[in-house]
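I have placed the structure first, in the form of structure tokens, so that the comments after it can refer back to it.
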Amino acid sequence: MPSDILLGVDNLGVAASIGGRSKVVLDNISFAVSRRETFGIIGRSGSGKSVLAKALIGWLDPALSVTGGAVSFDGVDMVGADAAQLRAIRGRRIGYVGADPTTVFDPTIPIGRQIAEKLRAVRPEVGHKEALDRVVELFETVRIPDARLRAGELPSKFSGGMIQRAAIVDAMIGGTELLIADNVTQPLDVTVAAQIIRLFQMLRNEVNTAILFISSSLPMVKNIADRLVVLEEGRVVERSTPERLAAHPETAYSQALIAQIPRIWSREMAHPAVKADAATVLSVQDVKRNYRVRNQRSLFGSVSIQAVRGVSFDVKSGESLGIVGESGCGKSTLLRLLTWLDMPDAGRISFDGVDLGKMSRNDRFHLRARLQLVLQDPYGSIPAHWTVGRIISEPLRLHRSMLASERRTRVTDTMVEVGLDPGLYSKLPVGLSAGQRQRINLARALVLEPAILLLDETLSALDQTEQTRLIALFERLQSARGITYLFISHDLAMVRRVCSRVAVMYLGKIVELVSNEMLFFAPQHPYTKALLSAAPTLEESPYARDDYLVEGEPPSPLLIPAGCSFANRCPQALPVCRQQEPPVHHLPQGGIVACHLAGEDRVT
Amino acid sequence: MVRVTSFLLRRLAQSVVIVLLASLIVFCLLRTGPGNPARMIAGGMATEETVEKIATEMGLRSPMLVQYFIYLKKVVLHGDFGTSFVRPKSGASAVAGGRADDPTRAERARVIDLILDRLPLTLQLAMMAMAIALSVSIPIGLFAGLHAGRWPDAAALMLSSVLVSMPNFWLAGILVLVVSIQLHWLPAVGYRDVTYSILPAIVLAIEIIPVLVRSLALSLGAMMSQNFVRIGLIRGLHPSQVIYHHAMKGASVPLLNMLGVQLSALLGGVLVVEYIFDYPGLGALTIEAVLQRDFPLIQAIAMLTSAIFVVINILVDLLAGLIDPRLEY
């Protein structure tokens with residue numbers, strides 16, 4: 001029925017003009033979205049998804065222009081529309097939510113006022129107070145807790161998940177007929193992303209809005225879209241439904257896209273078991289770290305942020321230990337403590353049996369040669385104006401006295417080892433890909449032949465192909481040199497592939513520390529199960545979202561409630577959980593879990 | 001409002017320390033630097049003993065910190081900034097009276113009166129300069145910032161470059177020549193009524209305008225490229241809402257900071273400009289006081305200016321914090 005079509009895209013083409021030359025960005029795109037339908041668009045980063053989203057609402061960058069075709073929204077030609085026509089549609093009939101919700105709002109004005117301002121701009125008949133009430137009402141609908149209070153807060157007080165909910169409210173509040181959601185789950189933690197997907201499912205069912213859901217992740221789209229198209233290099237390569245695409249991808253591109261989606265449960269994993277007699281390299285005992293910040297509500301007071309609240313674990317020589325947890329769980333603070341960039345308030349960190357706190361400055365300096373760090377951001381962690389050779393040789397200059405020629409050999413050897421072309425030695429890192437930059441980072445850490453490597457989200461900025469290659473490299477290095485790895489990550493699939501043991505952190509504590517197999521097949525802690533249920537995968541997860549996914553977000557580290565810190569979100573919380581801190585249980589199969597329920601609630 | 005009260009209390013406590021430190025430094029520098037006020041009073045012909053006697057009478061021979069605390073005690077307890085070394089109560093300066101036993105000594109002018117006499121004129125000049133500067137630079141800066149990277153931006157930059165490269169003493173000369181002498185539009189020298197402030201104010205304003213224009217153009221240009229501004233139209237806001245409620249609000253904080261700095265600099269600029277126009281303000285008084293080694297007067301002016309600087313800074317930070325509540329008070 002043609003009358004039922006809300007958005008029609010017909011042979012749309014978009015080109016970028018760079019330095020007088022024209023480059024095709026989108027070519028011959030056609031699809032149609034009916035009223036109340038949820039339509040998915042998937043494709044890798046760089047496939048033109050975001051350009052498409054912006055072309056639909058006439059918001060292309062000045063360097064981009066529509067070269068042909070048509071976009072019609074309910075009969076209005078969006079390509080040729082003038083400013084007044086666009087104003088009558090954008091924000092009123094079409095809502096747009098992007099990947100970076102933190103920049104949607106003016107940082108100096110409370111969010112509720114900004115959304116009310118928008119509502120009054122598109123519906124002038126709504127009164128001031130009425131508008132604010134409507135915002136609060138919708139905040140409640142999208143499950144923002146304490147809606148009235150939160151509406152009065154500045155955007156900076158919102159977490160990523162909460163501000164994304166607020167941005168969705170902002171996009172929908174005028175009574176929009178079409179909601180364009182461009183990669184909305186991309187910056188979010190897994191459990192939060194899963195909650196947002198759940199929210200979209202609810203919107204689809206309860207609100208009469210068509211949704212155009214654009215994502216790079218099929219597992220995300222699968223849960224909500226009725227139909228979808230696959231985008232590659234600006235072209236539609238496949239039209240399908242999520243189920244059909246997951247089961248029978250027709251084109252090579254779709255097949256590759258699906259093959260790259262991480263498997264957690266269905267793939268056999270072989271992890272070299274850590275030798276029982278392996279020595280302990282790194283030992284962390286009941287480490288705590290608080291930060292004091294000024295309390296703006298009082299004259300001279302300060303409040304304490306409990307970032308790490310008593311963490312203990314041992315790392316054995318030659319093993320790969322994973323530490324997983326969501327934003328704000330304290331994993332980055334822990335890493336700063338392990339590298340002694342920051343000192344714990346209490347507890348002990350020892351390396352090869354020697355307490356770091358009791359070492360002299362000089363000894364700690366030498367220790368750093370054996371304990372190296374590889375950071376997350378491949379761009380910010382490399383000085384842009386140094387040659388690659390200079391960057392990698394820097395640690396050698398600091399820690400080893402050797403001839404320049406020896407140093408050069410050592411650096412080029414390391415470059416070859418990590419898969420970098422030695423020809424890059426005297427080049428600047430300008431123009432290198434994220435993967436190559438991460439290899440430079442890795443070479444810089446490896447050149448001192450460290451005993452232990454701390455990897456802080458090292459792979460998260462890379463695509464799946466590059467990740468797979470680097471993981472293979474890590475394994476090779478481990479068997480050749482016996483390096484010990486500590487992976488800090490939020491990516492369960494990556495941890496599943498590389499780690500022998502995994503610690504799960506929540507609000508500054510380790511809630512579960514078990515072997516890889518145990519974690520994925522017999523998790524004990526409800527939070528671990530929630531993480532597993534939220535993992536984006538096409539597989540049938542043993543932990544169904546409806547049963548295990550938790551609502552809400554962790555409490556603020558400023559105000560940690562009594563008892564178990566997970567109790568306010570835990571679906572199985574008992575009265576005791578809200579009163580007593582759970583004890584650490586040692587599991588018969590090895591490993592530990594901190595939960596009152598452990599022992600009664602075994603999943604095997 | 002706990003936040004604002006706590007901010008004000010902390011900053012005022014800090015500023016007391018700053019003003020005291022500044023006055024201590026000026027106090028010590030004056031007394032260690034060249035130039036002996038006792039010699040100036042006694043006159044070139046007086047004997048060394050006479051000079052010594054006067055110096056001791058004036059308290060200049062006690063240990064420096066003792067002198068400072070005696071001074072401070074008077075200032076804090078009685079609001080008494082002392083009397084001028086050289087100026088008689090009647091008005092005209094009385095340097096180089098050769099007699100050592102000057103009978104008018106007790107009749108010397110009170111420093112506080114001297115300052116209160118001149119301060120309003122300087123404040124009037126500064127406010128007028130600021131008003132002229134703002135009324136010129138805000139429209140130009142906004143126009144340039146809204147068209148960042150295009151011709152209005154380039155034109156504003158060019159105008160700023162021209163204005164910034166004109167020295168104030170040269171500009172003052174030209175203005176006097178053209179506006180006063182040839183056109184007879186405005187008076188140039190001295191002070192009789194408010195029209196005498198206009199020319200010096202224009203000279204002062206022209207020094208500030210380029211800075212304000214650049215600051216506003218850059219910060220507004222940066223705001224216009226912020227996502228929350230660009231996405232405003234997509235959210236359904238009216239273009240004027242986006243510009244006035246969001247972009248200009250954000251750009252006003254850097255402008256405000258710049259205004260604070262410029263207002264402080266203005267009080268320095270006043271020194272030269274008042275001298276050129278023979279404008280009887282605080283700047284001219286300062287120059288005379290320095291030339292005459294009139295320690296109590298210099299001392300009081302220094303304390304006053306540092307207090308003005310500190311207050312301006314507190315006000316700027318307070319306003320900035322009200323505009324952008326994220327700023328840490």
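Within each chain, counting starts at residue 1; across the structure tokens, chains are named A, B, ... in the order shown, with ligands numbered 1 upward in that order.
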Give me every strand (DSSP E or B) residue in range 34-246 of chain A, going by DSSP on the backbone, as a CSV table (one decimal) with N, CA and C atoms, in the first residue's frame.
```csv
chain,number,residue,atom,x,y,z
A,34,SER,N,7.7,2.0,6.2
A,34,SER,CA,6.2,2.2,6.4
A,34,SER,C,6.0,2.8,7.8
A,38,THR,N,9.8,-0.8,12.1
A,38,THR,CA,11.1,-0.6,12.5
A,38,THR,C,12.1,-1.2,11.5
A,39,PHE,N,12.8,-0.3,10.9
A,39,PHE,CA,13.6,-0.7,9.7
A,39,PHE,C,15.1,-0.6,10.1
A,40,GLY,N,15.9,-1.6,9.8
A,40,GLY,CA,17.3,-1.6,10.2
A,40,GLY,C,18.2,-1.3,9.1
A,41,ILE,N,19.3,-0.6,9.4
A,41,ILE,CA,20.4,-0.4,8.4
A,41,ILE,C,21.7,-0.9,9.0
A,42,ILE,N,22.4,-1.9,8.5
A,42,ILE,CA,23.6,-2.2,9.1
A,42,ILE,C,24.8,-2.1,8.2
A,64,LEU,N,29.7,17.7,1.5
A,64,LEU,CA,28.9,16.6,0.9
A,64,LEU,C,27.7,17.2,0.2
A,65,SER,N,27.3,16.6,-0.9
A,65,SER,CA,26.1,17.0,-1.6
A,65,SER,C,25.4,15.9,-2.2
A,66,VAL,N,24.1,16.0,-2.3
A,66,VAL,CA,23.2,15.0,-3.0
A,66,VAL,C,23.4,15.1,-4.5
A,67,THR,N,23.8,14.0,-5.1
A,67,THR,CA,24.1,14.0,-6.5
A,67,THR,C,22.9,13.5,-7.4
A,68,GLY,N,22.0,12.8,-6.7
A,68,GLY,CA,20.8,12.4,-7.5
A,68,GLY,C,19.9,11.6,-6.6
A,69,GLY,N,18.7,11.3,-7.1
A,69,GLY,CA,17.7,10.5,-6.4
A,69,GLY,C,16.9,11.4,-5.5
A,70,ALA,N,16.0,10.8,-4.7
A,70,ALA,CA,15.1,11.6,-4.0
A,70,ALA,C,14.8,10.9,-2.6
A,71,VAL,N,14.5,11.8,-1.6
A,71,VAL,CA,14.1,11.4,-0.3
A,71,VAL,C,12.7,12.0,-0.1
A,72,SER,N,11.7,11.2,0.1
A,72,SER,CA,10.5,11.9,0.4
A,72,SER,C,9.9,11.4,1.7
A,73,PHE,N,9.5,12.4,2.5
A,73,PHE,CA,8.9,12.1,3.8
A,73,PHE,C,7.5,12.5,3.7
A,76,VAL,N,6.8,15.0,1.2
A,76,VAL,CA,7.6,16.2,1.1
A,76,VAL,C,9.0,15.8,0.6
A,77,ASP,N,9.5,16.5,-0.4
A,77,ASP,CA,10.8,16.2,-1.0
A,77,ASP,C,11.9,16.8,0.0
A,90,ARG,N,11.8,18.7,10.7
A,90,ARG,CA,12.8,18.3,11.6
A,90,ARG,C,12.5,18.7,13.1
A,94,ILE,N,10.2,14.4,12.4
A,94,ILE,CA,11.3,13.4,12.4
A,94,ILE,C,12.2,13.7,13.6
A,95,GLY,N,12.5,12.7,14.4
A,95,GLY,CA,13.4,12.9,15.5
A,95,GLY,C,14.7,12.2,15.2
A,96,TYR,N,15.8,12.8,15.7
A,96,TYR,CA,17.1,12.2,15.3
A,96,TYR,C,17.9,12.0,16.6
A,97,VAL,N,18.4,10.8,16.8
A,97,VAL,CA,19.3,10.5,18.0
A,97,VAL,C,20.6,10.0,17.4
A,178,LEU,N,8.7,9.7,12.8
A,178,LEU,CA,9.8,8.8,12.4
A,178,LEU,C,11.0,9.2,13.4
A,179,LEU,N,11.6,8.1,14.0
A,179,LEU,CA,12.7,8.3,14.8
A,179,LEU,C,13.9,7.7,14.1
A,180,ILE,N,14.9,8.5,13.9
A,180,ILE,CA,16.1,8.0,13.2
A,180,ILE,C,17.2,7.8,14.4
A,181,ALA,N,17.6,6.6,14.6
A,181,ALA,CA,18.5,6.2,15.7
A,181,ALA,C,19.8,5.8,15.0
A,182,ASP,N,20.8,6.7,15.0
A,182,ASP,CA,22.1,6.4,14.3
A,182,ASP,C,23.1,5.9,15.3
A,210,ALA,N,7.5,5.2,13.6
A,210,ALA,CA,8.4,4.4,12.8
A,210,ALA,C,9.8,4.6,13.3
A,211,ILE,N,10.6,3.6,13.3
A,211,ILE,CA,12.0,3.7,13.7
A,211,ILE,C,12.9,3.3,12.6
A,212,LEU,N,13.9,4.2,12.3
A,212,LEU,CA,15.0,3.8,11.4
A,212,LEU,C,16.2,3.5,12.3
A,213,PHE,N,16.6,2.2,12.5
A,213,PHE,CA,17.6,1.9,13.4
A,213,PHE,C,18.9,1.5,12.7
A,214,ILE,N,19.9,2.4,12.8
A,214,ILE,CA,21.1,2.3,12.1
A,214,ILE,C,22.2,1.8,13.1
A,215,SER,N,22.9,0.7,12.7
A,215,SER,CA,23.9,0.2,13.6
A,215,SER,C,25.0,-0.6,12.9
A,227,ARG,N,12.6,-5.3,9.1
A,227,ARG,CA,13.4,-5.6,7.9
A,227,ARG,C,14.7,-4.8,8.0
A,228,LEU,N,15.6,-5.2,7.1
A,228,LEU,CA,16.9,-4.4,7.1
A,228,LEU,C,17.5,-4.4,5.8
A,229,VAL,N,18.5,-3.5,5.6
A,229,VAL,CA,19.4,-3.5,4.4
A,229,VAL,C,20.8,-3.5,5.0
A,230,VAL,N,21.7,-4.1,4.2
A,230,VAL,CA,23.1,-4.1,4.5
A,230,VAL,C,23.8,-3.1,3.6
A,231,LEU,N,24.6,-2.3,4.2
A,231,LEU,CA,25.3,-1.2,3.4
A,231,LEU,C,26.8,-1.5,3.4
A,232,GLU,N,27.3,-1.5,2.1
A,232,GLU,CA,28.8,-1.6,2.0
A,232,GLU,C,29.3,-0.6,1.1
A,235,ARG,N,26.7,1.4,-0.8
A,235,ARG,CA,25.7,0.7,-1.7
A,235,ARG,C,24.9,-0.3,-0.8
A,236,VAL,N,23.7,-0.5,-1.2
A,236,VAL,CA,22.9,-1.5,-0.5
A,236,VAL,C,23.3,-2.9,-1.1
A,237,VAL,N,23.9,-3.8,-0.4
A,237,VAL,CA,24.3,-5.1,-0.9
A,237,VAL,C,23.3,-6.2,-0.6
A,238,GLU,N,22.5,-6.0,0.4
A,238,GLU,CA,21.5,-7.1,0.7
A,238,GLU,C,20.3,-6.5,1.4
A,239,ARG,N,19.1,-7.1,1.0
A,239,ARG,CA,17.9,-6.7,1.7
A,239,ARG,C,17.4,-8.0,2.3
A,240,SER,N,17.0,-7.9,3.6
A,240,SER,CA,16.6,-9.2,4.3
A,240,SER,C,15.9,-8.9,5.5
```
If we count only C-alpha atoms, what is near Leu20 in chain B at a cut-off of 10 Å, once residues fewer than 3 positions away on the same chain are taken out, given as a list in words?
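In the requested form, the answer reads Ser15, Val16, Val17, Ser23, Leu24, Ile25, Val26, Leu72, Met303, Ser306 and Ala307 of chain B.
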Expected file contents, prior selection, N, CA and C atoms, as a JSON list (two decimals), in the first residue's frame:
```json
[["chain", "number", "residue", "atom", "x", "y", "z"],
["B", 15, "SER", "N", 41.57, 37.31, 49.04],
["B", 15, "SER", "CA", 41.92, 38.62, 48.51],
["B", 15, "SER", "C", 42.52, 39.50, 49.58],
["B", 16, "VAL", "N", 42.11, 39.33, 50.85],
["B", 16, "VAL", "CA", 42.73, 40.09, 51.93],
["B", 16, "VAL", "C", 44.23, 39.78, 51.96],
["B", 17, "VAL", "N", 44.56, 38.49, 51.85],
["B", 17, "VAL", "CA", 45.97, 38.09, 51.85],
["B", 17, "VAL", "C", 46.70, 38.73, 50.67],
["B", 23, "SER", "N", 50.67, 45.18, 49.29],
["B", 23, "SER", "CA", 51.03, 46.43, 49.96],
["B", 23, "SER", "C", 52.38, 46.28, 50.66],
["B", 24, "LEU", "N", 52.65, 45.09, 51.21],
["B", 24, "LEU", "CA", 53.95, 44.88, 51.86],
["B", 24, "LEU", "C", 55.08, 45.01, 50.85],
["B", 25, "ILE", "N", 54.88, 44.40, 49.67],
["B", 25, "ILE", "CA", 55.93, 44.46, 48.65],
["B", 25, "ILE", "C", 56.18, 45.91, 48.23],
["B", 26, "VAL", "N", 55.09, 46.65, 47.97],
["B", 26, "VAL", "CA", 55.25, 48.05, 47.56],
["B", 26, "VAL", "C", 55.93, 48.85, 48.68],
["B", 72, "LEU", "N", 50.11, 49.66, 58.94],
["B", 72, "LEU", "CA", 48.97, 48.76, 58.76],
["B", 72, "LEU", "C", 47.96, 48.93, 59.88],
["B", 303, "MET", "N", 47.55, 49.91, 47.27],
["B", 303, "MET", "CA", 46.59, 49.06, 47.97],
["B", 303, "MET", "C", 45.23, 49.11, 47.29],
["B", 306, "SER", "N", 45.31, 47.23, 43.92],
["B", 306, "SER", "CA", 45.30, 45.77, 44.05],
["B", 306, "SER", "C", 43.93, 45.30, 44.53],
["B", 307, "ALA", "N", 43.29, 46.08, 45.40],
["B", 307, "ALA", "CA", 41.96, 45.70, 45.86],
["B", 307, "ALA", "C", 40.97, 45.71, 44.69]]
```
Rank nothing, just name the residue among B:Asn313, B:Ser62, B:Ser215, B:Thr122 nearest to Ser160 in chain B, using only C-alpha atoms.
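Between B:Asn313, B:Ser62, B:Ser215, B:Thr122, the residue approaching Ser160 in chain B most closely is B:Ser215.
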What separation in Å, quoted to one decimal, exists between CA of Arg293 in chain B and CA of Pro37 in chain B?
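A separation of 5.5 Å between them.
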DSSP-assigned helix (DSSP H, G or I) members of range 449-513 of chain A, reported as a list in words
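Of range 449-513 of chain A, only Gln464, Thr465, Glu466, Gln467, Thr468, Arg469, Leu470, Ile471, Ala472, Leu473, Phe474, Glu475, Arg476, Leu477, Gln478, Ser479, Ala480, Arg481, Leu492, Ala493, Met494, Val495, Arg496, Arg497 and Val498 of chain A fall in helix (DSSP H, G or I).
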As a list in words, please: the residues near Gln292 in chain B (cut-off 9 Å, only C-alpha atoms, same-chain neighbours under 4 positions excluded).
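Contacts, with the query itself left out: Gly35, Pro37, Met40, Phe85, Val86, Val95, Ile287 and Glu288 of chain B.
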Contact residues (chain A, partner chain B, 10 Å, only C-alpha atoms) as an MDAnalysis selection string
chainID A and resid 54 57:59 83 86:98 100:110 114:115 117:123 154:157 167 170:172 174 294:300
Store the residues picked out above, limited to C-alpha atoms, as a PDB file, in the first residue's frame.
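That gives us selection-v4.pdb:
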```
ATOM      1  CA  LYS A  54      22.034  12.903   7.790  1.00  0.00           C
ATOM      2  CA  ILE A  57      17.072  15.044   7.234  1.00  0.00           C
ATOM      3  CA  GLY A  58      18.997  17.489   5.043  1.00  0.00           C
ATOM      4  CA  TRP A  59      21.920  17.804   7.462  1.00  0.00           C
ATOM      5  CA  ALA A  83      14.635  26.081   5.377  1.00  0.00           C
ATOM      6  CA  LEU A  86      12.703  21.577   6.851  1.00  0.00           C
ATOM      7  CA  ARG A  87      11.826  23.424  10.033  1.00  0.00           C
ATOM      8  CA  ALA A  88       8.277  22.150   9.789  1.00  0.00           C
ATOM      9  CA  ILE A  89       9.582  18.571   9.690  1.00  0.00           C
ATOM     10  CA  ARG A  90      12.847  18.289  11.626  1.00  0.00           C
ATOM     11  CA  GLY A  91      12.325  17.949  15.345  1.00  0.00           C
ATOM     12  CA  ARG A  92       8.551  18.015  14.803  1.00  0.00           C
ATOM     13  CA  ARG A  93       7.835  14.987  12.636  1.00  0.00           C
ATOM     14  CA  ILE A  94      11.300  13.413  12.402  1.00  0.00           C
ATOM     15  CA  GLY A  95      13.406  12.931  15.521  1.00  0.00           C
ATOM     16  CA  TYR A  96      17.107  12.168  15.336  1.00  0.00           C
ATOM     17  CA  VAL A  97      19.297  10.492  17.961  1.00  0.00           C
ATOM     18  CA  GLY A  98      23.021  10.167  17.313  1.00  0.00           C
ATOM     19  CA  ASP A 100      27.244  10.851  20.912  1.00  0.00           C
ATOM     20  CA  PRO A 101      24.427  11.896  23.251  1.00  0.00           C
ATOM     21  CA  THR A 102      26.803  13.786  25.544  1.00  0.00           C
ATOM     22  CA  THR A 103      27.137  16.591  22.978  1.00  0.00           C
ATOM     23  CA  VAL A 104      23.441  16.986  22.191  1.00  0.00           C
ATOM     24  CA  PHE A 105      22.679  19.280  25.098  1.00  0.00           C
ATOM     25  CA  ASP A 106      24.011  22.664  26.120  1.00  0.00           C
ATOM     26  CA  PRO A 107      26.318  21.806  29.034  1.00  0.00           C
ATOM     27  CA  THR A 108      25.291  24.892  31.025  1.00  0.00           C
ATOM     28  CA  ILE A 109      21.525  24.396  31.194  1.00  0.00           C
ATOM     29  CA  PRO A 110      19.579  21.691  33.073  1.00  0.00           C
ATOM     30  CA  GLN A 114      16.348  22.183  27.321  1.00  0.00           C
ATOM     31  CA  ILE A 115      13.890  19.462  26.371  1.00  0.00           C
ATOM     32  CA  GLU A 117      12.440  24.471  25.340  1.00  0.00           C
ATOM     33  CA  LYS A 118      12.439  22.098  22.380  1.00  0.00           C
ATOM     34  CA  LEU A 119       8.865  21.000  23.037  1.00  0.00           C
ATOM     35  CA  ARG A 120       7.714  24.608  23.190  1.00  0.00           C
ATOM     36  CA  ALA A 121       9.617  25.411  20.000  1.00  0.00           C
ATOM     37  CA  VAL A 122       7.797  22.701  18.071  1.00  0.00           C
ATOM     38  CA  ARG A 123       4.471  22.945  19.912  1.00  0.00           C
ATOM     39  CA  LEU A 154      23.022  19.544  34.168  1.00  0.00           C
ATOM     40  CA  PRO A 155      23.962  17.173  31.326  1.00  0.00           C
ATOM     41  CA  SER A 156      27.353  16.556  32.964  1.00  0.00           C
ATOM     42  CA  LYS A 157      25.601  14.836  35.887  1.00  0.00           C
ATOM     43  CA  ALA A 167      18.211  12.311  24.045  1.00  0.00           C
ATOM     44  CA  ASP A 170      14.130  14.866  23.297  1.00  0.00           C
ATOM     45  CA  ALA A 171      13.778  13.319  19.848  1.00  0.00           C
ATOM     46  CA  MET A 172      10.315  11.889  20.537  1.00  0.00           C
ATOM     47  CA  GLY A 174       7.094  16.549  19.759  1.00  0.00           C
ATOM     48  CA  ARG A 294      35.530  19.367  47.291  1.00  0.00           C
ATOM     49  CA  ASN A 295      31.944  19.247  48.339  1.00  0.00           C
ATOM     50  CA  GLN A 296      30.203  22.150  46.637  1.00  0.00           C
ATOM     51  CA  ARG A 297      27.258  21.939  48.989  1.00  0.00           C
ATOM     52  CA  SER A 298      29.217  22.881  52.089  1.00  0.00           C
ATOM     53  CA  LEU A 299      31.727  25.527  53.092  1.00  0.00           C
ATOM     54  CA  PHE A 300      34.910  23.581  53.611  1.00  0.00           C
TER      55      PHE A 300
END
```
